[in-house]
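**Q** I have a structure I would like to understand better, so I am pasting it below and will then ask my questions one at a time.
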Amino acid sequence: MKTNVGWDIGSLVYDLFTGKVDEQLYLEVLLALGTLDGIKLDEFGCGTGNLTGRLPETTKIRAVDYSPIAIAKAKQKTSKNVGFFIMDFYQEQPNGYKPDKIVACRSLYHSDLSLSLGILSRHLGDGGEAIIAHPTENWRKYVTPIVNGKREFNFVQFVKSNWRFANRMGVPYALFSADEFERVGKQHFDEVIINSAGYDTHYLVQLRKRAFSKK
Ligand SMILES: C[S@@+](CC[C@H](N)C(=O)[O-])C[C@H]1O[C@@H](n2cnc3c(N)ncnc32)[C@H](O)[C@@H]1O
């Protein structure tokens, strides 16, 4: 993986560009995560903690991000049930136990999707579940969310779409189709469910491992 300096800079301004699409996306991610009371959840790419801060205090959470600036901000939005790990989750993951669930909200940007999903699958316990939110590869869909049944231009989304050029600056930002999530997801998990979320700007991917799966 390349340097995280790009995300460090992003973390400084990230919260200035949190709009109604983000609010909706966090809500849908939380719904997809289902019951969290008393379970162990790992968050890969917690960023400035906008999703982390919405998770229940009854969940044991390990939040990972390789930007110290993002983590410093996230700490201010969370309670004692969250442990923070400054690490590149492609290189290492928190150890000691396997989580029941993993959430990766807009953070699996490595160009090798199989590498990303393989890491999630191996890190999860049997019967575990991973929830991924990822920006759609379609620029128009990303910038013009469907609100009240109509596509409309959204300035915040437009600003965020500039991250699509991040690859050129050495910051990984790969996008994938729903078909790719489905095909690669099935290589690493027993069940794959794909929906759209955040007013059609993101894919919401649910990946489940069977209990006692040999994978
Ligand atoms: C677009 S932000 C999303 C933050 C948060 N999940 C949200 O939806 O508000 C992506 C975050 O993932 C982190 N990230 C990306 N790749 C990572 C990696 N390989 N290891 C650790 N953190 C990573 C970045 O530092 C950044 O904070």
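Please note that chains go A, B, ... in the order of the structure tokens, that every chain numbers its residues from 1, and that ligands are numbered from 1 in the order shown.
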For the interface of chain A with ligand 1 (cut-off 6 Å, counting only C-alpha atoms and all ligand atoms), please tabulate each contacting residue of chain A alongside its nearest pair of atoms and their separation in Å to one decimal, rows sorted by chain and increasing number, as a tab-separated table.
**A**
```
residue	atom	partner	partner_atom_place_in_ligand_line	distance
A:Trp7	CA	ligand 1	25 (O)	4.7
A:Gly45	CA	ligand 1	12 (O)	3.5
A:Cys46	CA	ligand 1	6 (N)	4.3
A:Gly47	CA	ligand 1	27 (O)	3.2
A:Asn50	CA	ligand 1	9 (O)	5.2
A:Leu51	CA	ligand 1	9 (O)	5.9
A:Val64	CA	ligand 1	21 (C)	5.9
A:Asp65	CA	ligand 1	22 (N)	3.5
A:Tyr66	CA	ligand 1	21 (C)	4.0
A:Ser67	CA	ligand 1	25 (O)	4.7
A:Ala70	CA	ligand 1	27 (O)	5.6
A:Met87	CA	ligand 1	21 (C)	5.6
A:Asp88	CA	ligand 1	20 (N)	3.4
A:Phe89	CA	ligand 1	20 (N)	4.3
A:Tyr90	CA	ligand 1	19 (N)	5.1
A:Cys105	CA	ligand 1	6 (N)	4.3
A:Arg106	CA	ligand 1	3 (C)	4.9
A:Ser107	CA	ligand 1	12 (O)	4.2
```
**Q** Contacts of Gly34 (chain A) at 12 Å or less, counting only C-alpha atoms, minus same-chain residues fewer than 6 places along, as a ChimeraX atom specification?
**A** /A:27-28,41,55-56,59,100-103,129-131,206
**Q** Can you write just those residues out, N, CA and C atoms, as an mmCIF file, in the first residue's frame?
**A**
```cif
data_model
loop_
_atom_site.group_PDB
_atom_site.id
_atom_site.type_symbol
_atom_site.label_atom_id
_atom_site.label_comp_id
_atom_site.auth_asym_id
_atom_site.auth_seq_id
_atom_site.Cartn_x
_atom_site.Cartn_y
_atom_site.Cartn_z
ATOM 1 N N LEU A 27 -26.993 5.466 8.283
ATOM 2 C CA LEU A 27 -28.232 4.848 8.761
ATOM 3 C C LEU A 27 -28.416 3.456 8.143
ATOM 4 N N GLU A 28 -28.178 3.378 6.841
ATOM 5 C CA GLU A 28 -28.378 2.094 6.159
ATOM 6 C C GLU A 28 -27.313 1.069 6.545
ATOM 7 N N LEU A 41 -17.199 -6.165 17.269
ATOM 8 C CA LEU A 41 -17.225 -5.589 15.921
ATOM 9 C C LEU A 41 -15.887 -4.906 15.631
ATOM 10 N N LEU A 55 -22.326 3.875 16.681
ATOM 11 C CA LEU A 55 -22.461 2.473 17.097
ATOM 12 C C LEU A 55 -22.801 2.410 18.587
ATOM 13 N N PRO A 56 -23.542 1.374 19.018
ATOM 14 C CA PRO A 56 -23.947 1.338 20.429
ATOM 15 C C PRO A 56 -22.773 1.156 21.385
ATOM 16 N N THR A 59 -21.477 -2.433 22.344
ATOM 17 C CA THR A 59 -20.703 -3.259 21.404
ATOM 18 C C THR A 59 -19.216 -3.094 21.712
ATOM 19 N N ASP A 100 -17.161 -10.840 15.570
ATOM 20 C CA ASP A 100 -18.402 -11.411 15.017
ATOM 21 C C ASP A 100 -18.759 -10.717 13.697
ATOM 22 N N LYS A 101 -18.459 -9.422 13.644
ATOM 23 C CA LYS A 101 -18.785 -8.650 12.440
ATOM 24 C C LYS A 101 -17.654 -7.671 12.140
ATOM 25 N N ILE A 102 -17.555 -7.338 10.858
ATOM 26 C CA ILE A 102 -16.618 -6.282 10.437
ATOM 27 C C ILE A 102 -17.412 -5.283 9.607
ATOM 28 N N VAL A 103 -17.130 -4.020 9.803
ATOM 29 C CA VAL A 103 -17.711 -3.023 8.911
ATOM 30 C C VAL A 103 -16.576 -2.248 8.258
ATOM 31 N N GLU A 129 -19.977 -11.957 9.796
ATOM 32 C CA GLU A 129 -20.566 -11.173 8.714
ATOM 33 C C GLU A 129 -19.775 -9.882 8.501
ATOM 34 N N ALA A 130 -19.560 -9.536 7.227
ATOM 35 C CA ALA A 130 -18.902 -8.266 6.908
ATOM 36 C C ALA A 130 -19.880 -7.375 6.151
ATOM 37 N N ILE A 131 -19.888 -6.111 6.514
ATOM 38 C CA ILE A 131 -20.731 -5.129 5.823
ATOM 39 C C ILE A 131 -19.804 -4.093 5.196
ATOM 40 N N GLN A 206 -23.301 -7.124 1.796
ATOM 41 C CA GLN A 206 -23.324 -7.955 3.010
ATOM 42 C C GLN A 206 -22.715 -9.310 2.649
#
```
**Q** Counting only C-alpha atoms, which of A:Thr144, A:Asn167, A:Thr48, A:Thr35 gets nearest to Thr18 (chain A)?
**A** A:Thr48
**Q** Counting only C-alpha atoms, which residue out of A:Asp37, A:Asp200, A:Asp15, A:Glu43 sits closest to Trp139 (chain A)?
**A** A:Asp200
**Q** Would you please give, as a list in words, all residues of region 181-215 of chain A that DSSP assigns to strand (DSSP E) based on the backbone?
**A**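 Taking region 181-215 of chain A and keeping strand (DSSP E) only, one gets Glu191, Val192, Ile193, Ile194, Asn195, Ser196, Ala197, His202, Tyr203, Leu204, Val205, Gln206, Leu207 and Arg208 of chain A.
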**Q** Tell me, in Å to one decimal, how far CA of Phe17 (chain A) is from CA of Phe155 (chain A).
**A**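 Those two atoms sit 9.3 Å apart.
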**Q** Contacts of Lys80 (chain A) at 12 Å or less, counting only C-alpha atoms, minus same-chain residues fewer than 4 places along, as a list in words?
**A**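 The neighbour list is Thr52, Gly53, Pro56, Glu57, Thr58, Thr59, Lys60, Ile61, Arg62, Ala63, Lys75, Gln76 and Phe84 of chain A.
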**Q** Go through A:Val21, A:Ala32, A:Val5, A:Ile71 one by one, measure the shortest atom-to-atom distance of each to Phe153 (chain A) using only C-alpha atoms, and give the residue with the smallest value.
**A**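 Closest to Phe153 (chain A), using only C-alpha atoms: A:Val21.
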**Q** Name the residues of region 97-200 of chain A that fall into helix (DSSP H, G or I) according to DSSP on the backbone, using the chain letters and numbers of this document, as a PyMOL selection string.
**A** chain A and resi 113-123+139-143+155-169+178-188
**Q** For the residues in that selection, give me C-alpha atoms as a PDB file, in the first residue's frame.
**A**
```pdb
ATOM      1  CA  LEU A 113     -10.802  -6.677  -4.510  1.00  0.00           C
ATOM      2  CA  SER A 114      -9.999 -10.336  -3.877  1.00  0.00           C
ATOM      3  CA  LEU A 115      -7.169  -9.270  -1.571  1.00  0.00           C
ATOM      4  CA  SER A 116      -9.566  -7.000   0.373  1.00  0.00           C
ATOM      5  CA  LEU A 117     -12.355  -9.559   0.719  1.00  0.00           C
ATOM      6  CA  GLY A 118      -9.907 -12.367   1.511  1.00  0.00           C
ATOM      7  CA  ILE A 119      -8.532 -10.346   4.429  1.00  0.00           C
ATOM      8  CA  LEU A 120     -12.035  -9.733   5.763  1.00  0.00           C
ATOM      9  CA  SER A 121     -12.998 -13.393   5.417  1.00  0.00           C
ATOM     10  CA  ARG A 122      -9.881 -14.694   7.190  1.00  0.00           C
ATOM     11  CA  HIS A 123     -10.169 -12.105   9.954  1.00  0.00           C
ATOM     12  CA  TRP A 139     -19.874   9.119 -11.590  1.00  0.00           C
ATOM     13  CA  ARG A 140     -23.373  10.370 -12.428  1.00  0.00           C
ATOM     14  CA  LYS A 141     -25.013   8.165  -9.824  1.00  0.00           C
ATOM     15  CA  TYR A 142     -22.448   9.277  -7.240  1.00  0.00           C
ATOM     16  CA  VAL A 143     -22.835  13.003  -7.841  1.00  0.00           C
ATOM     17  CA  PHE A 155     -22.423  19.731  -4.276  1.00  0.00           C
ATOM     18  CA  VAL A 156     -20.940  17.718  -1.407  1.00  0.00           C
ATOM     19  CA  GLN A 157     -20.965  14.592  -3.546  1.00  0.00           C
ATOM     20  CA  PHE A 158     -19.379  16.537  -6.385  1.00  0.00           C
ATOM     21  CA  VAL A 159     -16.518  17.659  -4.130  1.00  0.00           C
ATOM     22  CA  LYS A 160     -16.068  14.106  -2.867  1.00  0.00           C
ATOM     23  CA  SER A 161     -15.985  12.764  -6.404  1.00  0.00           C
ATOM     24  CA  ASN A 162     -12.566  14.392  -6.766  1.00  0.00           C
ATOM     25  CA  TRP A 163     -11.156  11.520  -4.728  1.00  0.00           C
ATOM     26  CA  ARG A 164     -11.645   9.530  -7.921  1.00  0.00           C
ATOM     27  CA  PHE A 165      -8.458  11.171  -9.139  1.00  0.00           C
ATOM     28  CA  ALA A 166      -6.615  10.178  -5.959  1.00  0.00           C
ATOM     29  CA  ASN A 167      -5.050   7.118  -7.579  1.00  0.00           C
ATOM     30  CA  ARG A 168      -2.962   9.464  -9.673  1.00  0.00           C
ATOM     31  CA  MET A 169      -1.523  10.958  -6.488  1.00  0.00           C
ATOM     32  CA  ALA A 178     -21.901  -4.786  -8.357  1.00  0.00           C
ATOM     33  CA  ASP A 179     -20.997  -7.810 -10.543  1.00  0.00           C
ATOM     34  CA  GLU A 180     -17.412  -7.709  -9.281  1.00  0.00           C
ATOM     35  CA  PHE A 181     -18.549  -7.549  -5.653  1.00  0.00           C
ATOM     36  CA  GLU A 182     -20.835 -10.524  -6.327  1.00  0.00           C
ATOM     37  CA  ARG A 183     -18.240 -12.630  -8.173  1.00  0.00           C
ATOM     38  CA  VAL A 184     -15.308 -11.948  -5.848  1.00  0.00           C
ATOM     39  CA  GLY A 185     -17.538 -12.009  -2.763  1.00  0.00           C
ATOM     40  CA  LYS A 186     -18.569 -15.592  -3.598  1.00  0.00           C
ATOM     41  CA  GLN A 187     -14.909 -16.645  -3.736  1.00  0.00           C
ATOM     42  CA  HIS A 188     -14.443 -15.747  -0.078  1.00  0.00           C
TER      43      HIS A 188
END
```
**Q** Looking at only C-alpha atoms, which of A:Asp42, A:Asp190, A:Glu152, A:Asp112 is the one that sits closest to Tyr97 (chain A)?
**A**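 Closest to Tyr97 (chain A) of all the choices is A:Asp42.
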